[in-house]
$ cat start-v3.txt   # compact mmCIF, N, CA and C atoms
# COMPACT_ATOMS: atom_id res chain seq x y z
N MET A 29 99.27 -6.27 102.79
CA MET A 29 98.42 -7.38 102.43
C MET A 29 97.31 -7.50 103.46
N THR A 30 96.08 -7.63 103.03
CA THR A 30 94.95 -7.79 103.92
C THR A 30 94.64 -9.26 104.08
N GLU A 31 94.54 -9.71 105.33
CA GLU A 31 94.25 -11.12 105.59
C GLU A 31 92.77 -11.27 105.84
N SER A 32 92.25 -12.41 105.48
CA SER A 32 90.85 -12.69 105.70
C SER A 32 90.68 -14.19 105.86
N ARG A 33 89.71 -14.59 106.64
CA ARG A 33 89.44 -16.00 106.83
C ARG A 33 88.54 -16.55 105.73
N SER A 34 87.84 -15.71 104.99
CA SER A 34 87.01 -16.18 103.89
C SER A 34 86.79 -15.04 102.90
N ASN A 35 86.25 -15.37 101.74
CA ASN A 35 86.01 -14.36 100.72
C ASN A 35 84.57 -13.88 100.71
N THR A 36 83.74 -14.37 101.59
CA THR A 36 82.37 -13.91 101.71
C THR A 36 82.16 -13.34 103.10
N THR A 37 81.25 -12.39 103.22
CA THR A 37 80.98 -11.78 104.52
C THR A 37 80.53 -12.85 105.50
N THR A 38 81.14 -12.84 106.67
CA THR A 38 80.81 -13.80 107.71
C THR A 38 79.71 -13.21 108.58
N PRO A 39 78.58 -13.89 108.71
CA PRO A 39 77.48 -13.35 109.52
C PRO A 39 77.93 -13.06 110.95
N GLY A 40 77.52 -11.92 111.44
CA GLY A 40 77.82 -11.55 112.81
C GLY A 40 79.14 -10.85 113.02
N LEU A 41 79.99 -10.82 112.00
CA LEU A 41 81.25 -10.09 112.14
C LEU A 41 81.02 -8.63 111.77
N PRO A 42 81.71 -7.72 112.44
CA PRO A 42 81.48 -6.30 112.20
C PRO A 42 81.92 -5.85 110.81
N THR A 43 81.12 -4.99 110.21
CA THR A 43 81.44 -4.44 108.89
C THR A 43 81.85 -2.98 108.99
N ARG A 44 81.93 -2.46 110.22
CA ARG A 44 82.43 -1.11 110.47
C ARG A 44 83.37 -1.18 111.67
N PRO A 45 84.45 -0.42 111.67
CA PRO A 45 85.40 -0.51 112.78
C PRO A 45 84.78 -0.13 114.12
N GLU A 46 83.86 0.80 114.12
CA GLU A 46 83.24 1.22 115.37
C GLU A 46 82.34 0.14 115.99
N ASP A 47 82.04 -0.90 115.22
CA ASP A 47 81.23 -2.00 115.74
C ASP A 47 82.04 -3.13 116.34
N VAL A 48 83.36 -3.08 116.21
CA VAL A 48 84.20 -4.17 116.72
C VAL A 48 84.07 -4.33 118.24
N PRO A 49 84.14 -3.26 119.04
CA PRO A 49 84.03 -3.47 120.49
C PRO A 49 82.70 -4.12 120.91
N ALA A 50 81.59 -3.70 120.32
CA ALA A 50 80.29 -4.29 120.66
C ALA A 50 80.23 -5.74 120.21
N ALA A 51 80.81 -6.05 119.05
CA ALA A 51 80.83 -7.43 118.57
C ALA A 51 81.66 -8.30 119.52
N PHE A 52 82.79 -7.75 119.98
CA PHE A 52 83.61 -8.49 120.94
C PHE A 52 82.80 -8.75 122.22
N ALA A 53 82.14 -7.71 122.74
CA ALA A 53 81.38 -7.87 123.98
C ALA A 53 80.28 -8.91 123.83
N ALA A 54 79.56 -8.88 122.71
CA ALA A 54 78.48 -9.85 122.49
C ALA A 54 79.03 -11.27 122.47
N ARG A 55 80.14 -11.47 121.78
CA ARG A 55 80.73 -12.80 121.69
C ARG A 55 81.32 -13.23 123.04
N PHE A 56 81.99 -12.32 123.71
CA PHE A 56 82.55 -12.61 125.04
C PHE A 56 81.43 -13.00 126.00
N ASN A 57 80.36 -12.22 125.99
CA ASN A 57 79.26 -12.47 126.92
C ASN A 57 78.50 -13.75 126.61
N SER A 58 78.68 -14.28 125.40
CA SER A 58 78.06 -15.57 125.07
C SER A 58 78.83 -16.72 125.72
N GLY A 59 80.07 -16.44 126.13
CA GLY A 59 80.92 -17.48 126.72
C GLY A 59 81.54 -18.42 125.72
N ASP A 60 81.35 -18.16 124.43
CA ASP A 60 81.85 -19.02 123.36
C ASP A 60 83.24 -18.57 122.92
N ALA A 61 84.27 -19.27 123.37
CA ALA A 61 85.64 -18.90 123.04
C ALA A 61 85.89 -18.92 121.53
N GLY A 62 85.28 -19.85 120.82
CA GLY A 62 85.43 -19.92 119.37
C GLY A 62 84.86 -18.70 118.68
N ALA A 63 83.73 -18.21 119.19
CA ALA A 63 83.11 -17.01 118.61
C ALA A 63 84.00 -15.80 118.84
N VAL A 64 84.63 -15.73 120.00
CA VAL A 64 85.56 -14.63 120.29
C VAL A 64 86.73 -14.71 119.32
N ARG A 65 87.28 -15.89 119.12
CA ARG A 65 88.47 -16.06 118.26
C ARG A 65 88.21 -15.65 116.82
N GLU A 66 86.96 -15.76 116.34
CA GLU A 66 86.64 -15.37 114.97
C GLU A 66 86.87 -13.88 114.71
N LEU A 67 87.00 -13.10 115.77
CA LEU A 67 87.21 -11.66 115.62
C LEU A 67 88.68 -11.29 115.40
N TYR A 68 89.55 -12.30 115.31
CA TYR A 68 90.98 -12.06 115.13
C TYR A 68 91.43 -12.54 113.76
N GLU A 69 92.35 -11.79 113.14
CA GLU A 69 93.00 -12.28 111.93
C GLU A 69 93.85 -13.50 112.28
N GLU A 70 94.18 -14.27 111.28
CA GLU A 70 94.97 -15.48 111.50
C GLU A 70 96.30 -15.21 112.16
N ARG A 71 96.94 -14.11 111.83
CA ARG A 71 98.27 -13.80 112.39
C ARG A 71 98.20 -12.68 113.41
N ALA A 72 97.07 -12.52 114.05
CA ALA A 72 96.89 -11.45 115.03
C ALA A 72 97.80 -11.64 116.23
N ALA A 73 98.01 -10.53 116.93
CA ALA A 73 98.76 -10.54 118.18
C ALA A 73 97.81 -10.15 119.31
N PHE A 74 97.91 -10.86 120.42
CA PHE A 74 97.18 -10.52 121.64
C PHE A 74 98.24 -10.19 122.68
N VAL A 75 98.10 -9.04 123.33
CA VAL A 75 99.09 -8.60 124.31
C VAL A 75 98.46 -8.69 125.70
N PRO A 76 98.79 -9.76 126.45
CA PRO A 76 98.23 -9.90 127.79
C PRO A 76 98.86 -8.91 128.76
N GLU A 77 98.43 -8.96 129.99
CA GLU A 77 98.90 -8.04 131.02
C GLU A 77 100.42 -8.02 131.16
N SER A 78 101.06 -9.16 130.89
CA SER A 78 102.52 -9.24 131.00
C SER A 78 103.23 -8.37 129.97
N GLY A 79 102.54 -8.06 128.86
CA GLY A 79 103.14 -7.27 127.80
C GLY A 79 103.83 -8.10 126.74
N ASP A 80 103.90 -9.41 126.93
CA ASP A 80 104.53 -10.31 125.96
C ASP A 80 103.48 -10.84 125.00
N ALA A 81 103.50 -10.34 123.76
CA ALA A 81 102.48 -10.70 122.78
C ALA A 81 102.48 -12.20 122.49
N VAL A 82 101.28 -12.73 122.26
CA VAL A 82 101.10 -14.11 121.83
C VAL A 82 100.43 -14.09 120.47
N HIS A 83 100.62 -15.18 119.71
CA HIS A 83 100.08 -15.27 118.36
C HIS A 83 99.47 -16.64 118.14
N GLY A 84 98.54 -16.71 117.21
CA GLY A 84 97.95 -17.99 116.84
C GLY A 84 96.71 -18.31 117.64
N ASP A 85 95.86 -19.14 117.05
CA ASP A 85 94.57 -19.49 117.65
C ASP A 85 94.70 -20.00 119.07
N ALA A 86 95.57 -20.98 119.30
CA ALA A 86 95.68 -21.61 120.62
C ALA A 86 96.17 -20.62 121.68
N GLU A 87 97.20 -19.84 121.35
CA GLU A 87 97.75 -18.91 122.33
C GLU A 87 96.79 -17.77 122.64
N ILE A 88 96.10 -17.26 121.62
CA ILE A 88 95.13 -16.18 121.86
C ILE A 88 93.96 -16.71 122.68
N ALA A 89 93.49 -17.91 122.37
CA ALA A 89 92.40 -18.51 123.15
C ALA A 89 92.84 -18.70 124.61
N ALA A 90 94.07 -19.14 124.83
CA ALA A 90 94.58 -19.33 126.18
C ALA A 90 94.68 -17.99 126.93
N ALA A 91 95.06 -16.94 126.23
CA ALA A 91 95.19 -15.62 126.86
C ALA A 91 93.82 -15.05 127.22
N ASN A 92 92.81 -15.33 126.42
CA ASN A 92 91.46 -14.86 126.71
C ASN A 92 90.74 -15.73 127.74
N ALA A 93 91.18 -16.97 127.91
CA ALA A 93 90.49 -17.94 128.75
C ALA A 93 90.26 -17.48 130.20
N PRO A 94 91.25 -16.88 130.87
CA PRO A 94 91.00 -16.47 132.26
C PRO A 94 89.86 -15.45 132.39
N PHE A 95 89.73 -14.59 131.39
CA PHE A 95 88.67 -13.59 131.41
C PHE A 95 87.31 -14.25 131.18
N LEU A 96 87.24 -15.14 130.20
CA LEU A 96 86.00 -15.86 129.94
C LEU A 96 85.61 -16.73 131.13
N ALA A 97 86.62 -17.30 131.81
CA ALA A 97 86.36 -18.19 132.94
C ALA A 97 85.71 -17.48 134.12
N LEU A 98 85.83 -16.15 134.17
CA LEU A 98 85.18 -15.41 135.24
C LEU A 98 83.66 -15.57 135.17
N GLY A 99 83.15 -15.85 133.96
CA GLY A 99 81.72 -16.04 133.79
C GLY A 99 80.91 -14.77 134.02
N LEU A 100 81.56 -13.63 133.89
CA LEU A 100 80.91 -12.35 134.11
C LEU A 100 80.85 -11.57 132.79
N PRO A 101 79.87 -10.71 132.65
CA PRO A 101 79.76 -9.95 131.41
C PRO A 101 80.82 -8.85 131.31
N ILE A 102 81.19 -8.55 130.08
CA ILE A 102 82.09 -7.44 129.82
C ILE A 102 81.27 -6.26 129.30
N THR A 103 81.64 -5.08 129.74
CA THR A 103 81.05 -3.84 129.24
C THR A 103 82.17 -3.08 128.54
N VAL A 104 81.89 -2.59 127.35
CA VAL A 104 82.89 -1.83 126.60
C VAL A 104 82.36 -0.43 126.30
N ARG A 105 83.27 0.55 126.37
CA ARG A 105 82.93 1.93 126.07
C ARG A 105 84.02 2.51 125.16
N PRO A 106 83.78 2.51 123.85
CA PRO A 106 84.78 3.10 122.95
C PRO A 106 85.02 4.57 123.29
N ARG A 107 86.28 4.92 123.40
CA ARG A 107 86.66 6.30 123.70
C ARG A 107 87.06 7.04 122.43
N HIS A 108 87.89 6.38 121.61
CA HIS A 108 88.35 6.98 120.34
C HIS A 108 88.42 5.89 119.28
N ILE A 109 88.04 6.25 118.07
CA ILE A 109 88.20 5.36 116.92
C ILE A 109 88.77 6.21 115.80
N HIS A 110 89.97 5.83 115.36
CA HIS A 110 90.65 6.57 114.30
C HIS A 110 90.84 5.62 113.12
N VAL A 111 90.30 6.01 111.97
CA VAL A 111 90.32 5.15 110.79
C VAL A 111 91.22 5.74 109.72
N ALA A 112 92.05 4.89 109.13
CA ALA A 112 92.90 5.26 107.99
C ALA A 112 92.75 4.15 106.95
N GLY A 113 91.82 4.34 106.03
CA GLY A 113 91.59 3.32 105.01
C GLY A 113 91.04 2.05 105.61
N ASP A 114 91.78 0.95 105.46
CA ASP A 114 91.34 -0.35 105.94
C ASP A 114 91.89 -0.71 107.32
N ILE A 115 92.47 0.28 108.01
CA ILE A 115 93.05 0.06 109.34
C ILE A 115 92.43 1.06 110.30
N ALA A 116 92.19 0.63 111.53
CA ALA A 116 91.65 1.55 112.54
C ALA A 116 92.31 1.29 113.89
N LEU A 117 92.49 2.36 114.63
CA LEU A 117 92.98 2.31 116.01
C LEU A 117 91.78 2.52 116.92
N LEU A 118 91.59 1.60 117.87
CA LEU A 118 90.48 1.69 118.81
C LEU A 118 91.02 1.86 120.22
N ILE A 119 90.54 2.87 120.92
CA ILE A 119 90.84 3.06 122.34
C ILE A 119 89.52 2.79 123.06
N VAL A 120 89.50 1.73 123.88
CA VAL A 120 88.24 1.26 124.45
C VAL A 120 88.40 0.99 125.95
N ASP A 121 87.56 1.64 126.75
CA ASP A 121 87.49 1.33 128.17
C ASP A 121 86.63 0.09 128.32
N TRP A 122 87.06 -0.84 129.16
CA TRP A 122 86.30 -2.07 129.36
C TRP A 122 86.31 -2.46 130.83
N GLU A 123 85.27 -3.20 131.21
CA GLU A 123 85.16 -3.68 132.58
C GLU A 123 84.43 -5.01 132.56
N ILE A 124 84.95 -5.96 133.30
CA ILE A 124 84.31 -7.26 133.45
C ILE A 124 83.65 -7.31 134.81
N GLY A 125 82.36 -7.64 134.80
CA GLY A 125 81.59 -7.70 136.04
C GLY A 125 81.49 -6.34 136.68
N ALA A 126 81.61 -6.31 138.00
CA ALA A 126 81.53 -5.07 138.75
C ALA A 126 82.93 -4.63 139.16
N GLY A 127 83.85 -4.66 138.21
CA GLY A 127 85.22 -4.22 138.47
C GLY A 127 86.20 -5.34 138.74
N GLU A 128 85.79 -6.60 138.52
CA GLU A 128 86.72 -7.71 138.71
C GLU A 128 87.95 -7.55 137.83
N ALA A 129 87.78 -7.00 136.66
CA ALA A 129 88.89 -6.66 135.77
C ALA A 129 88.45 -5.47 134.94
N ARG A 130 89.37 -4.52 134.75
CA ARG A 130 89.04 -3.34 133.94
C ARG A 130 90.33 -2.67 133.49
N SER A 131 90.24 -1.99 132.38
CA SER A 131 91.39 -1.25 131.86
C SER A 131 90.94 -0.48 130.63
N THR A 132 91.92 0.02 129.90
CA THR A 132 91.68 0.69 128.63
C THR A 132 92.52 0.00 127.58
N ALA A 133 91.85 -0.50 126.57
CA ALA A 133 92.52 -1.23 125.48
C ALA A 133 93.00 -0.27 124.41
N THR A 134 94.10 -0.64 123.78
CA THR A 134 94.60 0.02 122.59
C THR A 134 94.68 -1.07 121.53
N ASP A 135 93.76 -1.05 120.59
CA ASP A 135 93.62 -2.13 119.62
C ASP A 135 93.75 -1.63 118.19
N VAL A 136 94.24 -2.50 117.32
CA VAL A 136 94.31 -2.21 115.89
C VAL A 136 93.45 -3.25 115.18
N VAL A 137 92.54 -2.78 114.33
CA VAL A 137 91.69 -3.67 113.55
C VAL A 137 91.89 -3.36 112.07
N ARG A 138 91.57 -4.36 111.25
CA ARG A 138 91.75 -4.19 109.81
C ARG A 138 90.54 -4.79 109.09
N ARG A 139 90.14 -4.12 107.99
CA ARG A 139 89.07 -4.64 107.15
C ARG A 139 89.66 -5.69 106.21
N GLY A 140 89.07 -6.88 106.23
CA GLY A 140 89.53 -7.96 105.37
C GLY A 140 88.89 -7.86 103.99
N ALA A 141 89.30 -8.74 103.10
CA ALA A 141 88.77 -8.78 101.75
C ALA A 141 87.27 -9.05 101.74
N ASP A 142 86.76 -9.65 102.82
CA ASP A 142 85.34 -9.94 102.92
C ASP A 142 84.54 -8.76 103.45
N GLY A 143 85.21 -7.63 103.76
CA GLY A 143 84.54 -6.44 104.26
C GLY A 143 84.36 -6.43 105.77
N CYS A 144 84.78 -7.48 106.45
CA CYS A 144 84.64 -7.57 107.91
C CYS A 144 85.92 -7.08 108.60
N TRP A 145 85.73 -6.46 109.76
CA TRP A 145 86.84 -5.94 110.54
C TRP A 145 87.21 -6.93 111.63
N ARG A 146 88.53 -7.17 111.77
CA ARG A 146 89.05 -8.11 112.78
C ARG A 146 90.28 -7.50 113.45
N TYR A 147 90.55 -8.01 114.64
CA TYR A 147 91.74 -7.56 115.36
C TYR A 147 93.02 -8.01 114.65
N VAL A 148 93.95 -7.08 114.53
CA VAL A 148 95.32 -7.37 114.12
C VAL A 148 96.16 -7.39 115.40
N ILE A 149 95.92 -6.41 116.27
CA ILE A 149 96.56 -6.34 117.58
C ILE A 149 95.47 -6.06 118.61
N ASP A 150 95.35 -6.93 119.59
CA ASP A 150 94.42 -6.73 120.69
C ASP A 150 95.27 -6.56 121.94
N SER A 151 95.29 -5.35 122.45
CA SER A 151 96.10 -5.02 123.62
C SER A 151 95.17 -4.48 124.71
N PRO A 152 94.50 -5.39 125.45
CA PRO A 152 93.49 -4.94 126.40
C PRO A 152 94.02 -4.07 127.54
N PHE A 153 95.31 -4.12 127.81
CA PHE A 153 95.90 -3.30 128.87
C PHE A 153 96.80 -2.21 128.30
N GLY A 154 96.74 -1.99 127.00
CA GLY A 154 97.67 -1.13 126.30
C GLY A 154 97.71 0.32 126.69
N ALA A 155 96.63 0.86 127.21
CA ALA A 155 96.62 2.29 127.50
C ALA A 155 96.71 2.60 129.00
N ALA A 156 97.00 1.58 129.80
CA ALA A 156 97.03 1.80 131.24
C ALA A 156 98.17 1.03 131.89
N PRO A 157 99.43 1.27 131.49
CA PRO A 157 100.55 0.52 132.07
C PRO A 157 100.73 0.80 133.55
N GLY A 158 101.13 -0.25 134.27
CA GLY A 158 101.44 -0.10 135.67
C GLY A 158 100.24 -0.11 136.60
N GLN A 159 99.05 -0.29 136.06
CA GLN A 159 97.85 -0.29 136.88
C GLN A 159 97.56 -1.68 137.42
N ASP A 160 96.88 -1.76 138.56
CA ASP A 160 96.43 -3.04 139.11
C ASP A 160 95.11 -3.35 138.43
N TYR A 161 95.11 -4.26 137.47
CA TYR A 161 93.95 -4.50 136.64
C TYR A 161 92.89 -5.34 137.30
N PHE A 162 93.27 -6.21 138.18
CA PHE A 162 92.29 -7.06 138.87
C PHE A 162 92.12 -6.52 140.27
N ALA A 163 91.13 -5.67 140.41
CA ALA A 163 90.89 -4.99 141.70
C ALA A 163 90.28 -5.93 142.71
$ encode --input "start-v3.txt" --output "structure tokens"
Amino acid sequence: MTESRSNTTTPGLPTRPEDVPAAFAARFNSGDAGAVRELYEERAAFVPESGDAVHGDAEIAAANAPFLALGLPITVRPRHIHVAGDIALLIVDWEIGAGEARSTATDVVRRGADGCWRYVIDSPFGAAPGQDYFA
């Protein structure tokens, strides 16, 4: 089942999986937590550094809050994007500021009924276990 927040294309949301990282960076860099949250499906999972997934608007916003609170821009560099129909796996190197936080994300996105791609699983530390992320 494909989840979607609306049945019409939402302006500013990515319509191709390869555009999700840049859309995330633009929204993150705006400092608008609500804009960041729009990139997630309603039942999405966010996997913080602890590895214990959180779900729901409030928990995902809380997990993203420390990164947004840094007030520094994020840079994203997609490494691999693998698409299978309406689902894609994204491997993305990211860095906040000048190395205040960095890692490699392993994310799953899905195309909704509105044609927009959103996170199903956002695992910003997924590809680099055991690393000291906040240098």
$ closest_residue --input "start-v3.txt" --among "A:Ala93, A:Leu41, A:Val111, A:Ile88" --to "Arg55 of chain A" --atoms "only C-alpha atoms"
A:Leu41
$ closest_atom_pairs --input "start-v3.txt" --of "segment 45-98 of chain A" --to "segment 129-153 of chain A" --cutoff "7 Å" --atoms "only N, CA and C atoms" --output "tab-separated table"
residue	atom	partner	partner_atom	distance
A:Pro45	CA	A:Trp145	CA	6.0
A:Val48	CA	A:Trp145	C	6.5
A:Glu66	C	A:Arg146	CA	6.5
A:Leu67	C	A:Tyr147	N	3.9
A:Tyr68	CA	A:Tyr147	N	4.1
A:Glu69	N	A:Tyr147	C	4.1
A:Arg71	C	A:Val148	C	6.0
A:Ala72	CA	A:Val148	C	4.1
A:Ala73	N	A:Val148	C	4.0
A:Phe74	CA	A:Asp150	C	4.4
A:Val75	N	A:Asp150	C	4.0
A:Pro76	C	A:Phe153	N	6.0
A:Glu77	CA	A:Phe153	CA	6.0
$ select_by_dssp --input "start-v3.txt" --residues "chain A" --states "strand (DSSP E)" --output "PyMOL selection string"
chain A and resi 68-74+82-83+102-112+115-124+129-139+145-151
$ select_by_dssp --input "start-v3.txt" --residues "chain A" --states "alpha helix (DSSP H)" --output "NGL selection string"
:A and (48-58 or 61-65 or 85-97)
$ axis_aligned_box --input "start-v3.txt" --around "segment 130-149 of chain A" --padding-each-side "5 Å" --output "JSON"
{"center_x": 90.5, "center_y": -4.6, "center_z": 118.2, "size_x": 22.2, "size_y": 20.6, "size_z": 43.0}
$ atom_distance --input "start-v3.txt" --atom1 "atom N of Ala116 of chain A" --atom2 "atom CA of Asn57 of chain A"
24.0 Å
$ atom_distance --input "start-v3.txt" --atom1 "atom CA of Pro42 of chain A" --atom2 "atom CA of Asp80 of chain A"
27.1 Å
$ atom_distance --input "start-v3.txt" --atom1 "atom CA of His83 of chain A" --atom2 "atom CA of His110 of chain A"
24.1 Å
$ closest_residue --input "start-v3.txt" --among "A:Val82, A:Ala126, A:Ala97, A:Val104" --to "Phe52 of chain A" --atoms "only C-alpha atoms"
A:Val104
$ closest_residue --input "start-v3.txt" --among "A:Ala89, A:Ala155, A:Val64, A:Ala81" --to "Leu118 of chain A" --atoms "only C-alpha atoms"
A:Ala155
$ residues_near_point --input "start-v3.txt" --point "(88.3, 1.5, 127.0)" --cutoff "6 Å" --atoms "all atoms listed in the file" --output "MDAnalysis selection string"
chainID A and resid 105:107 119:122 131:133
$ closest_residue --input "start-v3.txt" --among "A:Gly99, A:Asp60, A:Glu70, A:Gly40" --to "Gly84 of chain A" --atoms "all atoms listed in the file"
A:Glu70
$ closest_residue --input "start-v3.txt" --among "A:Ala112, A:Glu87, A:Asn92, A:Ser78" --to "Ala61 of chain A" --atoms "all atoms listed in the file"
A:Asn92
$ decode --input "start-v3.txt" --residues "segment 51-131 of chain A" --atoms "C-alpha atoms" --output "mmCIF file, in the first residue's frame"
data_model
loop_
_atom_site.group_PDB
_atom_site.id
_atom_site.type_symbol
_atom_site.label_atom_id
_atom_site.label_comp_id
_atom_site.auth_asym_id
_atom_site.auth_seq_id
_atom_site.Cartn_x
_atom_site.Cartn_y
_atom_site.Cartn_z
ATOM 1 C CA ALA A 51 14.994 18.538 -1.233
ATOM 2 C CA PHE A 52 15.922 17.454 2.291
ATOM 3 C CA ALA A 53 18.987 19.731 2.288
ATOM 4 C CA ALA A 54 16.985 22.728 1.046
ATOM 5 C CA ARG A 55 14.321 22.235 3.711
ATOM 6 C CA PHE A 56 16.887 21.527 6.451
ATOM 7 C CA ASN A 57 18.870 24.622 5.503
ATOM 8 C CA SER A 58 15.707 26.730 5.733
ATOM 9 C CA GLY A 59 15.558 25.835 9.433
ATOM 10 C CA ASP A 60 11.846 25.006 9.090
ATOM 11 C CA ALA A 61 11.199 21.774 11.001
ATOM 12 C CA GLY A 62 7.696 21.516 9.520
ATOM 13 C CA ALA A 63 9.089 21.690 5.993
ATOM 14 C CA VAL A 64 11.533 18.898 6.833
ATOM 15 C CA ARG A 65 8.721 16.751 8.274
ATOM 16 C CA GLU A 66 6.721 17.009 5.013
ATOM 17 C CA LEU A 67 9.362 14.787 3.406
ATOM 18 C CA TYR A 68 8.277 11.806 5.534
ATOM 19 C CA GLU A 69 5.346 9.443 5.084
ATOM 20 C CA GLU A 70 2.870 9.403 7.946
ATOM 21 C CA ARG A 71 4.170 6.072 9.276
ATOM 22 C CA ALA A 72 7.833 6.656 8.475
ATOM 23 C CA ALA A 73 10.658 5.496 10.699
ATOM 24 C CA PHE A 74 13.623 7.668 11.664
ATOM 25 C CA VAL A 75 16.646 5.814 13.020
ATOM 26 C CA PRO A 76 18.768 8.103 15.220
ATOM 27 C CA GLU A 77 22.360 7.432 16.207
ATOM 28 C CA SER A 78 21.194 5.113 19.007
ATOM 29 C CA GLY A 79 19.729 2.740 16.406
ATOM 30 C CA ASP A 80 16.296 2.713 18.071
ATOM 31 C CA ALA A 81 13.773 3.759 15.414
ATOM 32 C CA VAL A 82 11.173 6.404 16.217
ATOM 33 C CA HIS A 83 7.851 6.930 14.458
ATOM 34 C CA GLY A 84 5.291 9.680 14.101
ATOM 35 C CA ASP A 85 5.458 13.419 13.534
ATOM 36 C CA ALA A 86 6.449 14.405 17.081
ATOM 37 C CA GLU A 87 9.147 11.757 17.531
ATOM 38 C CA ILE A 88 10.703 12.342 14.103
ATOM 39 C CA ALA A 89 10.694 16.113 14.683
ATOM 40 C CA ALA A 90 12.361 15.561 18.071
ATOM 41 C CA ALA A 91 15.013 13.313 16.502
ATOM 42 C CA ASN A 92 15.801 15.906 13.823
ATOM 43 C CA ALA A 93 15.733 18.835 16.282
ATOM 44 C CA PRO A 94 19.338 18.570 17.572
ATOM 45 C CA PHE A 95 20.645 18.741 14.006
ATOM 46 C CA LEU A 96 18.450 21.707 13.084
ATOM 47 C CA ALA A 97 19.428 23.414 16.358
ATOM 48 C CA LEU A 98 23.052 23.528 15.220
ATOM 49 C CA GLY A 99 21.946 26.281 12.842
ATOM 50 C CA LEU A 100 24.474 25.096 10.280
ATOM 51 C CA PRO A 101 23.876 24.075 6.681
ATOM 52 C CA ILE A 102 23.812 20.457 5.598
ATOM 53 C CA THR A 103 25.601 19.275 2.477
ATOM 54 C CA VAL A 104 24.450 16.039 0.854
ATOM 55 C CA ARG A 105 26.245 13.911 -1.726
ATOM 56 C CA PRO A 106 24.220 10.986 -3.089
ATOM 57 C CA ARG A 107 26.485 7.985 -3.582
ATOM 58 C CA HIS A 108 23.993 5.381 -4.864
ATOM 59 C CA ILE A 109 20.333 5.446 -5.809
ATOM 60 C CA HIS A 110 18.652 2.140 -6.575
ATOM 61 C CA VAL A 111 15.055 2.237 -7.796
ATOM 62 C CA ALA A 112 12.572 -0.656 -7.916
ATOM 63 C CA GLY A 113 9.207 0.645 -9.092
ATOM 64 C CA ASP A 114 7.812 3.009 -6.464
ATOM 65 C CA ILE A 115 10.558 2.293 -3.898
ATOM 66 C CA ALA A 116 14.162 3.486 -3.867
ATOM 67 C CA LEU A 117 17.218 2.914 -1.698
ATOM 68 C CA LEU A 118 19.393 6.006 -1.223
ATOM 69 C CA ILE A 119 22.971 5.925 0.063
ATOM 70 C CA VAL A 120 23.914 9.523 0.833
ATOM 71 C CA ASP A 121 27.009 11.068 2.380
ATOM 72 C CA TRP A 122 26.095 14.119 4.446
ATOM 73 C CA GLU A 123 27.858 16.729 6.533
ATOM 74 C CA ILE A 124 26.536 19.510 8.732
ATOM 75 C CA GLY A 125 28.676 22.627 8.857
ATOM 76 C CA ALA A 126 32.407 22.015 8.671
ATOM 77 C CA GLY A 127 32.232 18.503 10.100
ATOM 78 C CA GLU A 128 30.176 19.166 13.236
ATOM 79 C CA ALA A 129 28.180 16.084 12.234
ATOM 80 C CA ARG A 130 28.668 13.754 9.283
ATOM 81 C CA SER A 131 27.955 10.215 8.201
#
